[in-house]
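Enquirer: Pasting in a structure now, in structure tokens, and then I'll have a few things to ask.
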Amino acid sequence: GGLQGYAYATEVPEGHQRLSFAWLSKREPRMLETDIEIPAEVHDLNEKPVFIKGYMYPTRIREGLSEFVLVKDNGDCCFGKQPKLSDMIVVHMQNGQTVNFREAQLVSVAGTFKIAGVHQAGDIMGLYTIDGTHFR
């Protein structure tokens with residue numbers, strides 16, 4: 001237990017704020033007639049350094065990914081269809097970094113959180129992005 005507590009306490013890179021999909025899911029954006037309303041607590045994270053854990057959404061490419069979608073879980077709820085906007089974040093690795101796909105394995109990402117507006121990322125649409133600087 002002590003080792004797990006230490007790992008949890010030291011896994012967030014210095015200067016980053018821990019973020020979770022559970023917290024984000026409770027602050028789901030509202031669809032208005034011509035716009036999307038982002039909750040104030042989420043908007044406060046825009047352009048701030050964050051750390052979050054999630055699962056990599058599967059794509060055809062498995063190695064050398066400079067961009068991928070991080071999702072809340074790897075359950076049947078979102079694989080094979082469009083996840084809820086609050087249950088996914090498009091990660092753009094920075095400085096030429098690439099990562100390999102990890103199936104059914106929890107991964108950690110740190111970087112700058114951005115509210116990017118609705119945009120296409122592979123086969124799905126996204127609202128939030130992270131300019132990733134750390135991956136584990």
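Residues are referred to by chain and number: the chain letter is A, B, ... according to the order shown in the structure tokens, the number counts from 1 in that chain, and ligands are numbered separately from 1 in the order shown.
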So which residues touch His16 in chain A within 12 Å, counting only C-alpha atoms, skipping near sequence neighbours fewer than 3 positions away, as a list of chain:residue names?
Expert: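 The neighbour list is A:Thr10, A:Glu11, A:Val12, A:Pro13, A:Leu19, A:Leu45, A:Glu47, A:Lys48, A:Pro49, A:Val50, A:Phe51, A:Ile52, A:Val109, A:Ala110, A:Gly111, A:Thr112, A:Phe113, A:Gly132, A:Thr133, A:His134.
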Enquirer: Could you take the residues named above and write them with N, CA, C and O atoms, as a PDB file, in the first residue's frame?
Expert:
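The result, written out as out.pdb:
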```
ATOM      1  N   THR A  10       3.600  10.894  -6.487  1.00  0.00           N
ATOM      2  CA  THR A  10       4.731  11.419  -7.266  1.00  0.00           C
ATOM      3  C   THR A  10       4.562  11.291  -8.780  1.00  0.00           C
ATOM      4  O   THR A  10       5.465  11.665  -9.514  1.00  0.00           O
ATOM      5  N   GLU A  11       3.427  10.787  -9.258  1.00  0.00           N
ATOM      6  CA  GLU A  11       3.284  10.556 -10.695  1.00  0.00           C
ATOM      7  C   GLU A  11       2.972  11.818 -11.502  1.00  0.00           C
ATOM      8  O   GLU A  11       3.215  11.857 -12.703  1.00  0.00           O
ATOM      9  N   VAL A  12       2.450  12.832 -10.890  1.00  0.00           N
ATOM     10  CA  VAL A  12       2.087  14.060 -11.607  1.00  0.00           C
ATOM     11  C   VAL A  12       3.340  14.916 -11.783  1.00  0.00           C
ATOM     12  O   VAL A  12       3.989  15.265 -10.796  1.00  0.00           O
ATOM     13  N   PRO A  13       3.694  15.259 -13.040  1.00  0.00           N
ATOM     14  CA  PRO A  13       4.867  16.112 -13.248  1.00  0.00           C
ATOM     15  C   PRO A  13       4.707  17.458 -12.544  1.00  0.00           C
ATOM     16  O   PRO A  13       3.593  17.987 -12.428  1.00  0.00           O
ATOM     17  N   LEU A  19      -6.110  15.739 -13.295  1.00  0.00           N
ATOM     18  CA  LEU A  19      -7.442  15.809 -13.878  1.00  0.00           C
ATOM     19  C   LEU A  19      -7.920  14.375 -14.043  1.00  0.00           C
ATOM     20  O   LEU A  19      -7.115  13.482 -14.264  1.00  0.00           O
ATOM     21  N   LEU A  45      -9.554  25.465 -16.945  1.00  0.00           N
ATOM     22  CA  LEU A  45      -8.382  24.636 -17.236  1.00  0.00           C
ATOM     23  C   LEU A  45      -7.755  24.947 -18.592  1.00  0.00           C
ATOM     24  O   LEU A  45      -6.653  24.463 -18.883  1.00  0.00           O
ATOM     25  N   GLU A  47      -5.634  26.039 -21.478  1.00  0.00           N
ATOM     26  CA  GLU A  47      -4.232  26.490 -21.573  1.00  0.00           C
ATOM     27  C   GLU A  47      -3.427  26.238 -20.293  1.00  0.00           C
ATOM     28  O   GLU A  47      -2.376  26.818 -20.100  1.00  0.00           O
ATOM     29  N   LYS A  48      -3.915  25.347 -19.429  1.00  0.00           N
ATOM     30  CA  LYS A  48      -3.206  25.020 -18.180  1.00  0.00           C
ATOM     31  C   LYS A  48      -2.568  23.627 -18.293  1.00  0.00           C
ATOM     32  O   LYS A  48      -3.091  22.749 -18.978  1.00  0.00           O
ATOM     33  N   PRO A  49      -1.453  23.394 -17.588  1.00  0.00           N
ATOM     34  CA  PRO A  49      -0.834  22.068 -17.607  1.00  0.00           C
ATOM     35  C   PRO A  49      -1.618  21.079 -16.736  1.00  0.00           C
ATOM     36  O   PRO A  49      -1.913  21.371 -15.577  1.00  0.00           O
ATOM     37  N   VAL A  50      -1.967  19.938 -17.319  1.00  0.00           N
ATOM     38  CA  VAL A  50      -2.749  18.919 -16.615  1.00  0.00           C
ATOM     39  C   VAL A  50      -2.089  17.550 -16.765  1.00  0.00           C
ATOM     40  O   VAL A  50      -1.249  17.332 -17.639  1.00  0.00           O
ATOM     41  N   PHE A  51      -2.527  16.636 -15.915  1.00  0.00           N
ATOM     42  CA  PHE A  51      -2.101  15.235 -15.933  1.00  0.00           C
ATOM     43  C   PHE A  51      -3.364  14.404 -15.851  1.00  0.00           C
ATOM     44  O   PHE A  51      -4.223  14.660 -15.003  1.00  0.00           O
ATOM     45  N   ILE A  52      -3.509  13.417 -16.732  1.00  0.00           N
ATOM     46  CA  ILE A  52      -4.713  12.585 -16.738  1.00  0.00           C
ATOM     47  C   ILE A  52      -4.366  11.166 -17.167  1.00  0.00           C
ATOM     48  O   ILE A  52      -3.411  10.947 -17.913  1.00  0.00           O
ATOM     49  N   VAL A 109      -0.941  10.800 -19.355  1.00  0.00           N
ATOM     50  CA  VAL A 109      -0.549  11.868 -20.274  1.00  0.00           C
ATOM     51  C   VAL A 109      -0.502  13.175 -19.495  1.00  0.00           C
ATOM     52  O   VAL A 109      -1.370  13.449 -18.670  1.00  0.00           O
ATOM     53  N   ALA A 110       0.514  13.973 -19.764  1.00  0.00           N
ATOM     54  CA  ALA A 110       0.597  15.315 -19.190  1.00  0.00           C
ATOM     55  C   ALA A 110       0.903  16.286 -20.312  1.00  0.00           C
ATOM     56  O   ALA A 110       1.580  15.955 -21.284  1.00  0.00           O
ATOM     57  N   GLY A 111       0.364  17.478 -20.175  1.00  0.00           N
ATOM     58  CA  GLY A 111       0.582  18.517 -21.170  1.00  0.00           C
ATOM     59  C   GLY A 111      -0.411  19.643 -20.987  1.00  0.00           C
ATOM     60  O   GLY A 111      -1.114  19.714 -19.981  1.00  0.00           O
ATOM     61  N   THR A 112      -0.491  20.501 -21.991  1.00  0.00           N
ATOM     62  CA  THR A 112      -1.371  21.666 -21.926  1.00  0.00           C
ATOM     63  C   THR A 112      -2.771  21.312 -22.416  1.00  0.00           C
ATOM     64  O   THR A 112      -2.945  20.885 -23.552  1.00  0.00           O
ATOM     65  N   PHE A 113      -3.759  21.485 -21.540  1.00  0.00           N
ATOM     66  CA  PHE A 113      -5.165  21.224 -21.851  1.00  0.00           C
ATOM     67  C   PHE A 113      -5.723  22.387 -22.653  1.00  0.00           C
ATOM     68  O   PHE A 113      -5.481  23.547 -22.328  1.00  0.00           O
ATOM     69  N   GLY A 132       0.618  17.065 -25.627  1.00  0.00           N
ATOM     70  CA  GLY A 132       1.299  16.156 -24.732  1.00  0.00           C
ATOM     71  C   GLY A 132       2.809  16.322 -24.668  1.00  0.00           C
ATOM     72  O   GLY A 132       3.475  16.376 -25.695  1.00  0.00           O
ATOM     73  N   THR A 133       3.316  16.409 -23.457  1.00  0.00           N
ATOM     74  CA  THR A 133       4.749  16.484 -23.226  1.00  0.00           C
ATOM     75  C   THR A 133       5.268  15.273 -22.470  1.00  0.00           C
ATOM     76  O   THR A 133       6.461  14.994 -22.501  1.00  0.00           O
ATOM     77  N   HIS A 134       4.382  14.555 -21.782  1.00  0.00           N
ATOM     78  CA  HIS A 134       4.745  13.364 -21.014  1.00  0.00           C
ATOM     79  C   HIS A 134       3.764  12.246 -21.363  1.00  0.00           C
ATOM     80  O   HIS A 134       2.558  12.480 -21.470  1.00  0.00           O
TER      81      HIS A 134
END
```
Enquirer: Please provide as number ranges by chain all residues within 8 Å of Glu67 in chain A, with the sequence filter that same-chain residues fewer than 4 positions apart are discarded (counting only C-alpha atoms).
Expert: A: 90-93, 98
Enquirer: Quick one: of A:Gln17, A:Gln4, A:Gln97, A:Ser66, who's nearest to Asn46 in chain A, counting only C-alpha atoms?
Expert: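 Residue with the minimum atom-to-atom distance to Asn46 in chain A: A:Gln17.
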Enquirer: For a quick check of understanding, using only C-alpha atoms, which of A:Thr34, A:Gln105, A:Thr129, A:Asn100 has the smallest distance to Glu63 in chain A?
Expert: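 Of all the options, A:Asn100 lies closest to Glu63 in chain A.
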Enquirer: Given the choices A:Gly15, A:Gly54, A:Gly64, A:Gly2, which gets closest to Ser108 in chain A if the distance is worked out from only C-alpha atoms?
Expert: A:Gly54
Enquirer: One number please: CA of Arg62 in chain A to CA of Tyr8 in chain A, in Å, one decimal.
Expert: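 Distance between the two atoms: 28.0 Å.
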Enquirer: Taking only range 8-135 of chain A into account, list the residues labelled alpha helix (DSSP H) by DSSP (computed from the backbone), as a ChimeraX atom specification.
Expert: /A:8-10,21-25,40-43
Enquirer: In range 35-114 of chain A, what's strand (DSSP E or B) per DSSP? Answer as number ranges by chain?
Expert: A: 36-37, 48-56, 65, 67-71, 88-93, 99, 107-114
Enquirer: Keeping N, CA and C atoms for every residue in the selection just given, could you write it to a file as an mmCIF file, in the first residue's frame?
Expert:
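Written output follows (selection_19.cif):
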```
data_model
loop_
_atom_site.group_PDB
_atom_site.id
_atom_site.type_symbol
_atom_site.label_atom_id
_atom_site.label_comp_id
_atom_site.auth_asym_id
_atom_site.auth_seq_id
_atom_site.Cartn_x
_atom_site.Cartn_y
_atom_site.Cartn_z
ATOM 1 N N ILE A 36 -21.595 25.460 -28.349
ATOM 2 C CA ILE A 36 -21.430 24.520 -27.247
ATOM 3 C C ILE A 36 -21.055 25.325 -26.010
ATOM 4 N N GLU A 37 -21.770 25.077 -24.916
ATOM 5 C CA GLU A 37 -21.483 25.764 -23.662
ATOM 6 C C GLU A 37 -20.598 24.867 -22.792
ATOM 7 N N LYS A 48 -3.915 25.347 -19.429
ATOM 8 C CA LYS A 48 -3.206 25.020 -18.180
ATOM 9 C C LYS A 48 -2.568 23.627 -18.293
ATOM 10 N N PRO A 49 -1.453 23.394 -17.588
ATOM 11 C CA PRO A 49 -0.834 22.068 -17.607
ATOM 12 C C PRO A 49 -1.618 21.079 -16.736
ATOM 13 N N VAL A 50 -1.967 19.938 -17.319
ATOM 14 C CA VAL A 50 -2.749 18.919 -16.615
ATOM 15 C C VAL A 50 -2.089 17.550 -16.765
ATOM 16 N N PHE A 51 -2.527 16.636 -15.915
ATOM 17 C CA PHE A 51 -2.101 15.235 -15.933
ATOM 18 C C PHE A 51 -3.364 14.404 -15.851
ATOM 19 N N ILE A 52 -3.509 13.417 -16.732
ATOM 20 C CA ILE A 52 -4.713 12.585 -16.738
ATOM 21 C C ILE A 52 -4.366 11.166 -17.167
ATOM 22 N N LYS A 53 -5.148 10.214 -16.661
ATOM 23 C CA LYS A 53 -4.996 8.811 -17.042
ATOM 24 C C LYS A 53 -6.220 8.385 -17.835
ATOM 25 N N GLY A 54 -5.998 7.509 -18.791
ATOM 26 C CA GLY A 54 -7.089 6.984 -19.591
ATOM 27 C C GLY A 54 -6.595 5.854 -20.472
ATOM 28 N N TYR A 55 -7.407 5.516 -21.457
ATOM 29 C CA TYR A 55 -7.095 4.420 -22.378
ATOM 30 C C TYR A 55 -6.994 4.970 -23.793
ATOM 31 N N MET A 56 -6.121 4.385 -24.563
ATOM 32 C CA MET A 56 -5.952 4.816 -25.942
ATOM 33 C C MET A 56 -7.060 4.206 -26.793
ATOM 34 N N LEU A 65 2.748 6.902 -33.152
ATOM 35 C CA LEU A 65 1.616 7.826 -33.126
ATOM 36 C C LEU A 65 2.042 9.184 -32.579
ATOM 37 N N GLU A 67 -0.379 11.509 -32.633
ATOM 38 C CA GLU A 67 -1.702 11.949 -32.202
ATOM 39 C C GLU A 67 -2.532 10.705 -31.896
ATOM 40 N N PHE A 68 -3.311 10.768 -30.822
ATOM 41 C CA PHE A 68 -4.224 9.676 -30.490
ATOM 42 C C PHE A 68 -5.353 10.233 -29.637
ATOM 43 N N VAL A 69 -6.383 9.425 -29.456
ATOM 44 C CA VAL A 69 -7.518 9.824 -28.633
ATOM 45 C C VAL A 69 -7.452 9.055 -27.319
ATOM 46 N N LEU A 70 -7.471 9.797 -26.231
ATOM 47 C CA LEU A 70 -7.493 9.231 -24.888
ATOM 48 C C LEU A 70 -8.940 9.204 -24.431
ATOM 49 N N VAL A 71 -9.414 8.044 -23.973
ATOM 50 C CA VAL A 71 -10.810 7.914 -23.556
ATOM 51 C C VAL A 71 -10.906 7.467 -22.103
ATOM 52 N N MET A 88 -13.499 11.931 -23.777
ATOM 53 C CA MET A 88 -12.337 11.749 -24.635
ATOM 54 C C MET A 88 -11.566 13.052 -24.793
ATOM 55 N N ILE A 89 -10.272 12.901 -25.027
ATOM 56 C CA ILE A 89 -9.381 14.031 -25.253
ATOM 57 C C ILE A 89 -8.432 13.638 -26.381
ATOM 58 N N VAL A 90 -8.291 14.493 -27.370
ATOM 59 C CA VAL A 90 -7.334 14.254 -28.444
ATOM 60 C C VAL A 90 -5.968 14.723 -27.956
ATOM 61 N N VAL A 91 -4.984 13.832 -28.000
ATOM 62 C CA VAL A 91 -3.627 14.143 -27.545
ATOM 63 C C VAL A 91 -2.732 14.349 -28.756
ATOM 64 N N HIS A 92 -2.057 15.481 -28.801
ATOM 65 C CA HIS A 92 -1.072 15.786 -29.835
ATOM 66 C C HIS A 92 0.290 15.799 -29.134
ATOM 67 N N MET A 93 1.109 14.804 -29.401
ATOM 68 C CA MET A 93 2.429 14.755 -28.777
ATOM 69 C C MET A 93 3.288 15.871 -29.366
ATOM 70 N N VAL A 99 4.348 7.789 -29.746
ATOM 71 C CA VAL A 99 4.055 6.714 -28.798
ATOM 72 C C VAL A 99 3.492 5.530 -29.566
ATOM 73 N N VAL A 107 -2.943 4.455 -19.451
ATOM 74 C CA VAL A 107 -1.767 5.274 -19.744
ATOM 75 C C VAL A 107 -1.934 6.636 -19.082
ATOM 76 N N SER A 108 -0.808 7.314 -18.897
ATOM 77 C CA SER A 108 -0.797 8.645 -18.292
ATOM 78 C C SER A 108 -0.294 9.639 -19.322
ATOM 79 N N VAL A 109 -0.941 10.800 -19.355
ATOM 80 C CA VAL A 109 -0.549 11.868 -20.274
ATOM 81 C C VAL A 109 -0.502 13.175 -19.495
ATOM 82 N N ALA A 110 0.514 13.973 -19.764
ATOM 83 C CA ALA A 110 0.597 15.315 -19.190
ATOM 84 C C ALA A 110 0.903 16.286 -20.312
ATOM 85 N N GLY A 111 0.364 17.478 -20.175
ATOM 86 C CA GLY A 111 0.582 18.517 -21.170
ATOM 87 C C GLY A 111 -0.411 19.643 -20.987
ATOM 88 N N THR A 112 -0.491 20.501 -21.991
ATOM 89 C CA THR A 112 -1.371 21.666 -21.926
ATOM 90 C C THR A 112 -2.771 21.312 -22.416
ATOM 91 N N PHE A 113 -3.759 21.485 -21.540
ATOM 92 C CA PHE A 113 -5.165 21.224 -21.851
ATOM 93 C C PHE A 113 -5.723 22.387 -22.653
ATOM 94 N N LYS A 114 -6.473 22.063 -23.713
ATOM 95 C CA LYS A 114 -7.065 23.115 -24.534
ATOM 96 C C LYS A 114 -8.501 22.762 -24.896
#
```
Enquirer: If you measure from CA of Asp35 in chain A to CA of Leu85 in chain A, what distance in Å do you get, rounded to one decimal?
Expert: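 One can read the CA of Asp35 in chain A to CA of Leu85 in chain A distance as 13.9 Å.
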